[in-house]
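J.: Mind having a look at this structure? Questions to follow.
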Amino acid sequence: MAKNELEIVGELGFGFQIAISGLLEGSRNSFTFAAIDRQIVHAFARQHAARGMNISELTAESSGVVDYQRSKSESILSWQSTNRETGVIQNLPEANSYASLFADMTASYEIKRLPNNWDSAVWDPRSFGGPQGIAIVGISNNGSWRNPGPQLDNRRVFGSYSKPLLLATAVALEQWVKTAENNYSKLKKLNEFARQVLTQRIPELKIAGELRNSDPRYLAFCIPGLVAEELLRKVESAGFLIDAGSACGGGALAPSHVLTAMGFPLDGNFRLTFKPEQSVESVNDLVERIAASA
């Protein structure tokens, strides 16, 4: 990717707007997206349909994998590299399955993992240890992206962003590149250990996705029939913080549309996020507390 294919914006939501609108604005092509996509992508799909255009929602398998090859060759495809709730990593789509492609890279561990033919993309610096309040937008020099706003000069993206946050992003990215491979190994061991202990201690627990094709930073699971708020309170009282519900829903405990799309029940959804500085002992304390509170 060339340096002139990257733009910096002040908000992640604006990054999605620029990247997707530049493909949909004025286009009569259908828009294909996945049931497990972020809610903002679903909102663009509804807007495209409201304009009288065709949309197509791809379902997810129980493993969280989406078959992007079912997309039509003339469609605008929204492809998600990694799901930030389950950590499930999606296969790269073949070029003959779309006319243009938006890549959601906001939760991808491999920050350069793009299809050969891509048109626009968005990265969230938080995925590689950077700050909130800034986002990176990729616009391919060879793609079909067109500025969705008024053409006042040669700029593709308008708006300001924080220079200190940009510097912090650069520092975080440099550190990430140095440590990513080693940290990945640590995270995989923590995730694998947590999966083993949780399934042993809570037989009815269901884990979303398989570790072999998932980002080890994330672990989503369901304990059917359990009230999420009660478990969160018990775990927090022991000094641990975990998440429940949807990672991009309107409320903290809003049902996860991602897990629902994978066939999981609406209740008892939880998410763990691992960091390389954590130890097996600390993870064991956490999962034992979850098991005792379930």
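Residues in the structure tokens are numbered from 1 in each chain, the chains being A, B, ... in the order shown, and ligands are numbered from 1 in the order shown.
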Pull the alpha helix (DSSP H) assignments for segment 113-191 of chain A out of DSSP run on the backbone, and list those residues as a PyMOL selection string.

T.: chain A and resi 163-191

J.: Go ahead and save the residues from that selection, with C-alpha atoms, as a PDB file, in the first residue's frame.

T.:
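Result saved to result.pdb:
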ATOM      1  CA  LYS A 163      -1.758  15.926  15.749  1.00  0.00           C
ATOM      2  CA  PRO A 164      -0.783  14.540  19.200  1.00  0.00           C
ATOM      3  CA  LEU A 165      -3.111  11.573  18.639  1.00  0.00           C
ATOM      4  CA  LEU A 166      -1.522  10.998  15.233  1.00  0.00           C
ATOM      5  CA  LEU A 167       1.930  10.949  16.836  1.00  0.00           C
ATOM      6  CA  ALA A 168       0.663   8.535  19.496  1.00  0.00           C
ATOM      7  CA  THR A 169      -0.740   6.339  16.732  1.00  0.00           C
ATOM      8  CA  ALA A 170       2.605   6.299  14.932  1.00  0.00           C
ATOM      9  CA  VAL A 171       4.444   5.326  18.128  1.00  0.00           C
ATOM     10  CA  ALA A 172       1.913   2.581  18.900  1.00  0.00           C
ATOM     11  CA  LEU A 173       2.157   1.203  15.365  1.00  0.00           C
ATOM     12  CA  GLU A 174       5.947   1.117  15.491  1.00  0.00           C
ATOM     13  CA  GLN A 175       5.845  -0.786  18.788  1.00  0.00           C
ATOM     14  CA  TRP A 176       3.168  -3.123  17.437  1.00  0.00           C
ATOM     15  CA  VAL A 177       5.267  -4.098  14.452  1.00  0.00           C
ATOM     16  CA  LYS A 178       8.167  -4.980  16.758  1.00  0.00           C
ATOM     17  CA  THR A 179       6.189  -7.121  19.195  1.00  0.00           C
ATOM     18  CA  ALA A 180       3.188  -8.463  17.238  1.00  0.00           C
ATOM     19  CA  GLU A 181       4.622 -11.905  16.440  1.00  0.00           C
ATOM     20  CA  ASN A 182       5.825 -12.607  19.983  1.00  0.00           C
ATOM     21  CA  ASN A 183       2.647 -11.245  21.548  1.00  0.00           C
ATOM     22  CA  TYR A 184       0.483 -13.362  19.258  1.00  0.00           C
ATOM     23  CA  SER A 185       2.040 -16.507  20.693  1.00  0.00           C
ATOM     24  CA  LYS A 186       1.395 -15.310  24.264  1.00  0.00           C
ATOM     25  CA  LEU A 187      -2.196 -14.386  23.501  1.00  0.00           C
ATOM     26  CA  LYS A 188      -2.905 -17.715  21.837  1.00  0.00           C
ATOM     27  CA  LYS A 189      -1.763 -19.587  24.954  1.00  0.00           C
ATOM     28  CA  LEU A 190      -3.967 -17.434  27.192  1.00  0.00           C
ATOM     29  CA  ASN A 191      -6.998 -17.857  24.949  1.00  0.00           C
TER      30      ASN A 191
END

J.: Report as a Markdown table the residues of segment 189-253 of chain A within 12 Å of segment 119-137 of chain A, each with its shortest atom pair and distance in Å (one decimal), using only C-alpha atoms, ordered by chain and increasing residue number.

T.:
| residue | atom | partner | partner_atom | distance |
| --- | --- | --- | --- | --- |
| A:Asp215 | CA | A:Ser127 | CA | 11.3 |
| A:Arg217 | CA | A:Ser127 | CA | 9.9 |
| A:Tyr218 | CA | A:Ser127 | CA | 11.4 |

J.: Write the residues of the preceding selection, restricted to N, CA and C atoms, as an mmCIF file, in the first residue's frame.

T.:
data_model
loop_
_atom_site.group_PDB
_atom_site.id
_atom_site.type_symbol
_atom_site.label_atom_id
_atom_site.label_comp_id
_atom_site.auth_asym_id
_atom_site.auth_seq_id
_atom_site.Cartn_x
_atom_site.Cartn_y
_atom_site.Cartn_z
ATOM 1 N N ASP A 215 -8.708 -14.489 16.082
ATOM 2 C CA ASP A 215 -7.746 -13.604 16.717
ATOM 3 C C ASP A 215 -7.720 -13.949 18.204
ATOM 4 N N ARG A 217 -6.892 -12.442 20.760
ATOM 5 C CA ARG A 217 -7.191 -11.370 21.719
ATOM 6 C C ARG A 217 -8.623 -11.453 22.214
ATOM 7 N N TYR A 218 -9.498 -12.105 21.448
ATOM 8 C CA TYR A 218 -10.923 -12.084 21.752
ATOM 9 C C TYR A 218 -11.464 -13.483 22.052
#

J.: Between A:Val41, A:Leu259, A:Ala244, A:Leu286, which is the closest to Phe193 of chain A once you count only C-alpha atoms?

T.: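 Between A:Val41, A:Leu259, A:Ala244, A:Leu286, the residue approaching Phe193 of chain A most closely is A:Leu286.
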
J.: Hey, can you check how far atom CA of Asn141 of chain A sits from atom CA of Trp118 of chain A?

T.: 9.8 Å

J.: Using only C-alpha atoms, which of the listed residues (A:Ala103, A:Ile55, A:Ala34, A:Ile8) sits closest to Gln69 of chain A?

T.: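 When distances to Gln69 of chain A are compared using only C-alpha atoms, the smallest one comes from A:Ala34.
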
J.: So that I can see what lies close to Ser62 of chain A, please list as a PDB file with N, CA and C atoms, in the first residue's frame the residues with an atom at most 8 Å from it, counting only C-alpha atoms and leaving out residues fewer than 3 positions away in the same chain.

T.:
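So out.pdb came out as:
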ATOM      1  N   VAL A  65     -18.021 -17.923  10.435  1.00  0.00           N
ATOM      2  CA  VAL A  65     -17.435 -17.717   9.117  1.00  0.00           C
ATOM      3  C   VAL A  65     -18.524 -17.321   8.119  1.00  0.00           C
ATOM      4  N   ALA A 208     -18.002 -19.042  20.896  1.00  0.00           N
ATOM      5  CA  ALA A 208     -18.225 -18.565  19.531  1.00  0.00           C
ATOM      6  C   ALA A 208     -16.922 -18.622  18.743  1.00  0.00           C
ATOM      7  N   GLY A 209     -16.898 -19.468  17.722  1.00  0.00           N
ATOM      8  CA  GLY A 209     -15.717 -19.561  16.875  1.00  0.00           C
ATOM      9  C   GLY A 209     -14.659 -20.503  17.423  1.00  0.00           C
ATOM     10  N   MET A 262     -25.073 -16.049  14.573  1.00  0.00           N
ATOM     11  CA  MET A 262     -24.377 -17.338  14.602  1.00  0.00           C
ATOM     12  C   MET A 262     -25.233 -18.432  15.231  1.00  0.00           C
ATOM     13  N   GLY A 263     -26.460 -18.065  15.637  1.00  0.00           N
ATOM     14  CA  GLY A 263     -27.370 -19.049  16.204  1.00  0.00           C
ATOM     15  C   GLY A 263     -27.324 -19.172  17.709  1.00  0.00           C
TER      16      GLY A 263
END

J.: Which residue gives the smallest distance to Lys112 of chain A among A:Asn91, A:Ser100, A:Ser81, A:Ser293, with only C-alpha atoms counted?

T.: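 Answer, going by the shortest atom-to-atom distance: A:Ser81.
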
J.: Which is closest to Ala294 of chain A among A:Pro224, A:Pro216, A:Gly239, A:Pro148, if we use only C-alpha atoms?

T.: A:Pro224

J.: Identify, on the basis of only C-alpha atoms, every residue whose closest approach to segment 226-233 of chain A does not exceed 12 Å; exclude the query and any residue fewer than 2 positions from it along the same chain; express the result as an mmCIF file with N, CA and C atoms, in the first residue's frame.

T.:
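result07.cif written:
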data_model
loop_
_atom_site.group_PDB
_atom_site.id
_atom_site.type_symbol
_atom_site.label_atom_id
_atom_site.label_comp_id
_atom_site.auth_asym_id
_atom_site.auth_seq_id
_atom_site.Cartn_x
_atom_site.Cartn_y
_atom_site.Cartn_z
ATOM 1 N N ILE A 202 -17.822 -25.174 33.125
ATOM 2 C CA ILE A 202 -19.215 -24.839 32.811
ATOM 3 C C ILE A 202 -19.630 -25.654 31.587
ATOM 4 N N GLU A 204 -22.359 -26.349 30.091
ATOM 5 C CA GLU A 204 -23.367 -25.807 29.171
ATOM 6 C C GLU A 204 -22.854 -24.611 28.371
ATOM 7 N N LEU A 205 -21.659 -24.141 28.675
ATOM 8 C CA LEU A 205 -21.091 -22.967 27.999
ATOM 9 C C LEU A 205 -20.820 -23.259 26.527
ATOM 10 N N PHE A 221 -18.423 -15.989 24.417
ATOM 11 C CA PHE A 221 -19.095 -17.229 24.789
ATOM 12 C C PHE A 221 -20.478 -16.931 25.339
ATOM 13 N N CYS A 222 -21.258 -17.966 25.441
ATOM 14 C CA CYS A 222 -22.634 -17.840 25.924
ATOM 15 C C CYS A 222 -22.887 -18.871 27.018
ATOM 16 N N ILE A 223 -23.531 -18.427 28.082
ATOM 17 C CA ILE A 223 -24.003 -19.328 29.137
ATOM 18 C C ILE A 223 -25.524 -19.225 29.128
ATOM 19 N N PRO A 224 -26.202 -20.137 28.440
ATOM 20 C CA PRO A 224 -27.657 -20.047 28.251
ATOM 21 C C PRO A 224 -28.411 -19.919 29.568
ATOM 22 N N VAL A 235 -18.372 -10.727 39.105
ATOM 23 C CA VAL A 235 -16.990 -10.745 38.623
ATOM 24 C C VAL A 235 -16.291 -9.417 38.920
ATOM 25 N N GLU A 236 -17.021 -8.318 38.748
ATOM 26 C CA GLU A 236 -16.437 -7.001 39.020
ATOM 27 C C GLU A 236 -16.102 -6.839 40.497
ATOM 28 N N SER A 237 -16.914 -7.411 41.382
ATOM 29 C CA SER A 237 -16.649 -7.307 42.817
ATOM 30 C C SER A 237 -15.350 -8.007 43.201
ATOM 31 N N ALA A 238 -14.891 -8.931 42.327
ATOM 32 C CA ALA A 238 -13.640 -9.634 42.571
ATOM 33 C C ALA A 238 -12.469 -8.953 41.884
ATOM 34 N N GLY A 239 -12.732 -7.794 41.258
ATOM 35 C CA GLY A 239 -11.656 -7.020 40.645
ATOM 36 C C GLY A 239 -11.433 -7.290 39.171
ATOM 37 N N PHE A 240 -12.380 -7.963 38.508
ATOM 38 C CA PHE A 240 -12.235 -8.259 37.080
ATOM 39 C C PHE A 240 -13.310 -7.515 36.286
ATOM 40 N N LEU A 241 -12.956 -7.125 35.065
ATOM 41 C CA LEU A 241 -13.902 -6.471 34.175
ATOM 42 C C LEU A 241 -14.031 -7.282 32.892
ATOM 43 N N ILE A 242 -15.251 -7.689 32.566
ATOM 44 C CA ILE A 242 -15.528 -8.364 31.306
ATOM 45 C C ILE A 242 -16.706 -7.650 30.661
ATOM 46 N N ASP A 243 -16.989 -8.000 29.406
ATOM 47 C CA ASP A 243 -18.065 -7.350 28.671
ATOM 48 C C ASP A 243 -19.214 -8.314 28.436
ATOM 49 N N ALA A 244 -20.370 -7.739 28.196
ATOM 50 C CA ALA A 244 -21.548 -8.541 27.877
ATOM 51 C C ALA A 244 -22.347 -7.826 26.809
ATOM 52 N N GLY A 245 -23.191 -8.573 26.101
ATOM 53 C CA GLY A 245 -24.020 -7.972 25.082
ATOM 54 C C GLY A 245 -23.247 -7.696 23.808
ATOM 55 N N SER A 246 -23.660 -6.653 23.094
ATOM 56 C CA SER A 246 -23.081 -6.330 21.800
ATOM 57 C C SER A 246 -21.925 -5.356 21.933
ATOM 58 N N ALA A 252 -25.057 -1.048 26.895
ATOM 59 C CA ALA A 252 -23.993 -1.929 27.361
ATOM 60 C C ALA A 252 -24.408 -3.387 27.350
ATOM 61 N N LEU A 253 -25.688 -3.662 27.609
ATOM 62 C CA LEU A 253 -26.154 -5.044 27.663
ATOM 63 C C LEU A 253 -27.117 -5.362 26.527
ATOM 64 N N ALA A 254 -27.052 -4.572 25.452
ATOM 65 C CA ALA A 254 -27.900 -4.857 24.298
ATOM 66 C C ALA A 254 -27.511 -6.204 23.712
ATOM 67 N N PRO A 255 -28.490 -7.011 23.274
ATOM 68 C CA PRO A 255 -28.174 -8.334 22.719
ATOM 69 C C PRO A 255 -27.175 -8.233 21.569
ATOM 70 N N SER A 256 -26.311 -9.202 21.461
ATOM 71 C CA SER A 256 -25.305 -9.214 20.411
ATOM 72 C C SER A 256 -25.900 -9.712 19.105
ATOM 73 N N PRO A 265 -28.213 -17.956 21.645
ATOM 74 C CA PRO A 265 -29.371 -17.316 22.282
ATOM 75 C C PRO A 265 -29.099 -15.854 22.603
ATOM 76 N N LEU A 266 -30.160 -15.109 22.873
ATOM 77 C CA LEU A 266 -30.041 -13.676 23.125
ATOM 78 C C LEU A 266 -29.420 -13.366 24.483
ATOM 79 N N ASP A 267 -29.589 -14.268 25.437
ATOM 80 C CA ASP A 267 -29.124 -13.970 26.795
ATOM 81 C C ASP A 267 -27.805 -14.671 27.103
ATOM 82 N N GLY A 268 -27.153 -14.222 28.160
ATOM 83 C CA GLY A 268 -25.950 -14.883 28.638
ATOM 84 C C GLY A 268 -24.745 -14.770 27.737
ATOM 85 N N ASN A 269 -24.636 -13.655 26.982
ATOM 86 C CA ASN A 269 -23.505 -13.449 26.088
ATOM 87 C C ASN A 269 -22.403 -12.668 26.797
ATOM 88 N N PHE A 270 -21.164 -13.133 26.685
ATOM 89 C CA PHE A 270 -20.037 -12.473 27.348
ATOM 90 C C PHE A 270 -18.827 -12.425 26.422
ATOM 91 N N ARG A 271 -17.934 -11.464 26.698
ATOM 92 C CA ARG A 271 -16.720 -11.317 25.904
ATOM 93 C C ARG A 271 -15.525 -11.065 26.812
ATOM 94 N N LEU A 272 -14.436 -11.733 26.521
ATOM 95 C CA LEU A 272 -13.179 -11.505 27.205
ATOM 96 C C LEU A 272 -12.180 -10.931 26.207
ATOM 97 N N LEU A 286 -9.581 -15.332 36.743
ATOM 98 C CA LEU A 286 -10.766 -14.766 36.111
ATOM 99 C C LEU A 286 -11.777 -15.848 35.747
ATOM 100 N N VAL A 287 -11.334 -16.874 35.028
ATOM 101 C CA VAL A 287 -12.285 -17.887 34.574
ATOM 102 C C VAL A 287 -12.850 -18.693 35.742
ATOM 103 N N ARG A 289 -13.464 -17.385 38.629
ATOM 104 C CA ARG A 289 -14.480 -16.498 39.196
ATOM 105 C C ARG A 289 -15.752 -16.527 38.361
ATOM 106 N N ILE A 290 -15.584 -16.584 37.032
ATOM 107 C CA ILE A 290 -16.760 -16.687 36.152
ATOM 108 C C ILE A 290 -17.496 -17.987 36.414
ATOM 109 N N ALA A 291 -16.745 -19.068 36.520
ATOM 110 C CA ALA A 291 -17.367 -20.380 36.768
ATOM 111 C C ALA A 291 -18.098 -20.405 38.100
ATOM 112 N N ALA A 292 -17.496 -19.796 39.113
ATOM 113 C CA ALA A 292 -18.121 -19.787 40.437
ATOM 114 C C ALA A 292 -19.365 -18.908 40.477
ATOM 115 N N SER A 293 -19.432 -17.921 39.579
ATOM 116 C CA SER A 293 -20.554 -16.977 39.576
ATOM 117 C C SER A 293 -21.656 -17.403 38.624
ATOM 118 N N ALA A 294 -21.367 -18.379 37.763
ATOM 119 C CA ALA A 294 -22.353 -18.787 36.750
ATOM 120 C C ALA A 294 -23.488 -19.601 37.368
#

J.: Which neighbours of segment 94-97 of chain A fall inside 12 Å, counting only C-alpha atoms, when residues of the same chain fewer than 6 positions from it are skipped, and could you give them as a PDB file with N, CA and C atoms, in the first residue's frame?

T.:
ATOM      1  N   THR A  32     -23.579  -5.628  -0.813  1.00  0.00           N
ATOM      2  CA  THR A  32     -23.566  -6.899  -0.100  1.00  0.00           C
ATOM      3  C   THR A  32     -22.799  -6.744   1.209  1.00  0.00           C
ATOM      4  N   ASP A  67     -19.421 -16.853   4.018  1.00  0.00           N
ATOM      5  CA  ASP A  67     -19.010 -17.260   2.673  1.00  0.00           C
ATOM      6  C   ASP A  67     -19.171 -16.059   1.743  1.00  0.00           C
ATOM      7  N   TYR A  68     -18.111 -15.283   1.630  1.00  0.00           N
ATOM      8  CA  TYR A  68     -18.164 -14.081   0.801  1.00  0.00           C
ATOM      9  C   TYR A  68     -18.207 -14.402  -0.692  1.00  0.00           C
ATOM     10  N   GLN A  69     -17.931 -15.643  -1.055  1.00  0.00           N
ATOM     11  CA  GLN A  69     -17.994 -16.015  -2.462  1.00  0.00           C
ATOM     12  C   GLN A  69     -19.426 -16.025  -2.980  1.00  0.00           C
ATOM     13  N   ARG A  70     -20.397 -15.956  -2.071  1.00  0.00           N
ATOM     14  CA  ARG A  70     -21.800 -15.894  -2.497  1.00  0.00           C
ATOM     15  C   ARG A  70     -22.198 -14.492  -2.941  1.00  0.00           C
ATOM     16  N   SER A  71     -21.286 -13.547  -2.785  1.00  0.00           N
ATOM     17  CA  SER A  71     -21.548 -12.195  -3.253  1.00  0.00           C
ATOM     18  C   SER A  71     -21.546 -12.181  -4.782  1.00  0.00           C
ATOM     19  N   LYS A  72     -22.380 -11.345  -5.380  1.00  0.00           N
ATOM     20  CA  LYS A  72     -22.462 -11.269  -6.841  1.00  0.00           C
ATOM     21  C   LYS A  72     -21.331 -10.415  -7.398  1.00  0.00           C
ATOM     22  N   SER A  73     -20.877 -10.772  -8.579  1.00  0.00           N
ATOM     23  CA  SER A  73     -19.704 -10.139  -9.168  1.00  0.00           C
ATOM     24  C   SER A  73     -19.893  -8.653  -9.443  1.00  0.00           C
ATOM     25  N   GLU A  74     -21.140  -8.198  -9.561  1.00  0.00           N
ATOM     26  CA  GLU A  74     -21.391  -6.779  -9.852  1.00  0.00           C
ATOM     27  C   GLU A  74     -21.702  -5.976  -8.588  1.00  0.00           C
ATOM     28  N   SER A  75     -21.565  -6.566  -7.428  1.00  0.00           N
ATOM     29  CA  SER A  75     -21.958  -5.894  -6.190  1.00  0.00           C
ATOM     30  C   SER A  75     -20.805  -5.136  -5.541  1.00  0.00           C
ATOM     31  N   ILE A  76     -21.177  -4.206  -4.669  1.00  0.00           N
ATOM     32  CA  ILE A  76     -20.234  -3.527  -3.785  1.00  0.00           C
ATOM     33  C   ILE A  76     -20.213  -4.334  -2.500  1.00  0.00           C
ATOM     34  N   LEU A  77     -19.071  -4.876  -2.155  1.00  0.00           N
ATOM     35  CA  LEU A  77     -18.971  -5.806  -1.033  1.00  0.00           C
ATOM     36  C   LEU A  77     -18.330  -5.165   0.183  1.00  0.00           C
ATOM     37  N   SER A  78     -18.974  -5.342   1.347  1.00  0.00           N
ATOM     38  CA  SER A  78     -18.372  -4.959   2.623  1.00  0.00           C
ATOM     39  C   SER A  78     -17.775  -6.227   3.226  1.00  0.00           C
ATOM     40  N   TRP A  79     -16.445  -6.245   3.333  1.00  0.00           N
ATOM     41  CA  TRP A  79     -15.738  -7.424   3.849  1.00  0.00           C
ATOM     42  C   TRP A  79     -15.116  -7.098   5.198  1.00  0.00           C
ATOM     43  N   LEU A 114      -5.110  -7.370   3.336  1.00  0.00           N
ATOM     44  CA  LEU A 114      -6.156  -6.865   2.451  1.00  0.00           C
ATOM     45  C   LEU A 114      -6.273  -7.753   1.216  1.00  0.00           C
ATOM     46  N   PRO A 115      -7.466  -7.852   0.633  1.00  0.00           N
ATOM     47  CA  PRO A 115      -7.594  -8.545  -0.650  1.00  0.00           C
ATOM     48  C   PRO A 115      -6.758  -7.826  -1.709  1.00  0.00           C
ATOM     49  N   ASN A 116      -6.376  -8.538  -2.746  1.00  0.00           N
ATOM     50  CA  ASN A 116      -5.565  -7.916  -3.800  1.00  0.00           C
ATOM     51  C   ASN A 116      -6.274  -6.745  -4.445  1.00  0.00           C
ATOM     52  N   ASN A 117      -7.567  -6.888  -4.658  1.00  0.00           N
ATOM     53  CA  ASN A 117      -8.365  -5.817  -5.259  1.00  0.00           C
ATOM     54  C   ASN A 117      -9.291  -5.224  -4.209  1.00  0.00           C
ATOM     55  N   TRP A 118      -8.913  -4.086  -3.667  1.00  0.00           N
ATOM     56  CA  TRP A 118      -9.717  -3.409  -2.669  1.00  0.00           C
ATOM     57  C   TRP A 118      -9.889  -1.957  -3.108  1.00  0.00           C
ATOM     58  N   ASP A 119     -10.908  -1.311  -2.589  1.00  0.00           N
ATOM     59  CA  ASP A 119     -11.192   0.066  -2.992  1.00  0.00           C
ATOM     60  C   ASP A 119     -11.076   1.045  -1.832  1.00  0.00           C
TER      61      ASP A 119
END
